[in-house]
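To start, the structure itself, in structure tokens.
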Amino acid sequence: MKTYNIGILGFGTVGSGVFDIFSKNADIIKEKNCLAVNVKRILDLRKFPGSPAENLITTNFDDIVSDNEISLVVEVLGGEQPAFDFCKQALAAKKSVVTSNKELVEKHGAELMKIAFENGVHFLFEASVAGGIPVIRCLNESFNSDSVIEISGILNGTTNYILTKMTKDGQSFEDALADAQSLGYAEQNPSADIEGTDACRKLAILLSIATGKDVDCRDINTKGIDAVTTSQIAKANEKDGVIKLVAKAKIEKDNVFAQVAPMFIGKESSLFKVDGALNAVSIRGSATGEITLIGMGAGKLPTASAIASDIIAALTRRPSAPFWCEQRQSVASFPAQYAERFSI
């Protein structure tokens, strides 16, 4: 049985979750995959006295990228830099890279996948969209012989939690946000969530896979939930519906329409009962029909589990061609006849 050494960039919530999974589930991983994964080095500026990972910490990225015994790097630093430079260096050194960094994937995914392919390694990012839900694998593998014609989903657990509290408990937006922050669902600066940026980046990644071309999130019309009022919530309830922040896209031949906005969801929708911090993604193919995946879209262990799945895939499978190319895919706002049905 072969043992593979990996390095982790960042030992925060997700990075420590990855370490925990490979430490605590070592026997399960060996039994199911006939391999062992050893975390050899962890990059972080902080010290972790008393932690099982204490002696693995380094503040020097070169200790990881120059180590020939490390065959894969996990990037969970977040943000664009230095994550982008570190990933490029790791791929150029013929080390596969697994990440949960949606900003990195949305902005530089095509380039990084190209570098990975040229070096015979992987660049995988299942955890960048919807946490523990295997939506990228489903979209890339289950629809590889079908045309995707529609994607819709609740891609941000923070906003879904806030809207659920407003709907079921009658809380104001401000009180629901404070509640989400106290539980750790929302950051102290929650702008990326409540303004829709987070969901928009995730939709751009899914559309890039579906179209095979690079989708820029700046081309997607995006509106957050900060303007949703209790009166709108009550009005939706009177119509036997709810308001959710929905990322939605429709693909019609060469035309792609997309938006992220608070939308009225009726009882007939698969998204109607998706409450709290849950995420859900519905994908419709021309032959497959609709598939809906629901689960935890964030959190230490769900996200770390998705990363662990990518790590095992990268260590056991041959590298594939990039999921999308660097050619830009144009995106338009929904025509009026569609937008009217989604409005609140």
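Identifiers in this document derive from the order of the structure tokens: chains are assigned A, B, ..., residues are numbered from 1 separately in each chain, and ligands are numbered from 1 in order of occurrence.
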
Which region 88-152 of chain A residues have any atom within 7 Å of an atom of region 293-313 of chain A, and for each, what is the nearest pair of atoms with distance in Å to one decimal, counting only C-alpha atoms, rows sorted by chain and number, as JSON lines?
```
{"residue": "A:Val98", "atom": "CA", "partner": "A:Ile311", "partner_atom": "CA", "distance": 6.5}
{"residue": "A:Thr99", "atom": "CA", "partner": "A:Ile307", "partner_atom": "CA", "distance": 7.0}
{"residue": "A:Leu124", "atom": "CA", "partner": "A:Asp310", "partner_atom": "CA", "distance": 6.2}
{"residue": "A:Glu126", "atom": "CA", "partner": "A:Ala306", "partner_atom": "CA", "distance": 6.1}
{"residue": "A:Ala127", "atom": "CA", "partner": "A:Ala306", "partner_atom": "CA", "distance": 5.2}
{"residue": "A:Ala130", "atom": "CA", "partner": "A:Gly297", "partner_atom": "CA", "distance": 4.1}
{"residue": "A:Gly131", "atom": "CA", "partner": "A:Gly297", "partner_atom": "CA", "distance": 4.1}
{"residue": "A:Gly132", "atom": "CA", "partner": "A:Pro302", "partner_atom": "CA", "distance": 4.3}
{"residue": "A:Ile133", "atom": "CA", "partner": "A:Gly295", "partner_atom": "CA", "distance": 5.8}
```

Select from region 104-158 of chain A every residue with an atom at most 12 Å from any atom of region 316-325 of chain A, then for each give the shortest pair of atoms and their distance in Å to one decimal, using only C-alpha atoms, rows by chain and rising number, as a tab-separated table.
```
residue	atom	partner	partner_atom	distance
A:Val105	CA	A:Trp324	CA	11.4
A:Glu106	CA	A:Trp324	CA	11.3
A:His108	CA	A:Cys325	CA	10.9
A:Gly109	CA	A:Trp324	CA	8.3
A:Ala110	CA	A:Cys325	CA	5.6
A:Glu111	CA	A:Cys325	CA	8.1
A:Leu112	CA	A:Pro322	CA	8.9
A:Met113	CA	A:Pro322	CA	5.2
A:Lys114	CA	A:Pro322	CA	6.1
A:Ile115	CA	A:Pro322	CA	9.3
A:Ala116	CA	A:Pro319	CA	8.3
A:Phe117	CA	A:Ala321	CA	6.3
A:Glu118	CA	A:Ala321	CA	9.4
A:Asn119	CA	A:Pro319	CA	9.5
A:Gly120	CA	A:Pro319	CA	6.3
A:Val121	CA	A:Pro319	CA	5.7
A:His122	CA	A:Pro319	CA	5.5
A:Phe123	CA	A:Pro322	CA	8.6
A:Leu124	CA	A:Phe323	CA	9.8
A:Phe125	CA	A:Phe323	CA	10.9
A:Ile136	CA	A:Phe323	CA	10.0
A:Arg137	CA	A:Phe323	CA	10.7
A:Leu139	CA	A:Phe323	CA	10.3
A:Asn140	CA	A:Phe323	CA	7.5
A:Glu141	CA	A:Phe323	CA	10.4
A:Asn144	CA	A:Phe323	CA	10.5
```

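Using only C-alpha atoms, the nearest neighbour of Lys239 (chain A) within the list A:Pro52, A:Gly17, A:Gly266, A:Gly10 is A:Gly266.
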
Inset, instruction - Would you mind listing what lies within 9 Å of Ser147 (chain A) as a PyMOL selection string, with only C-alpha atoms counted and same-chain residues fewer than 4 positions away left out? - result: chain A and resi 143+210-211+251+284-288

Inset, instruction - Using DSSP on the backbone coordinates, identify the residues of region 150-285 of chain A assigned to helix (DSSP H, G or I); present them as a PyMOL selection string. - result: chain A and resi 157-168+173-182+191-194+197-211+217-219+230-238

Legend entry - Best match for closeness to Asp179 (chain A) among A:Pro49, A:Gly276, A:Gly15, A:Gly196, counting only C-alpha atoms: A:Gly276
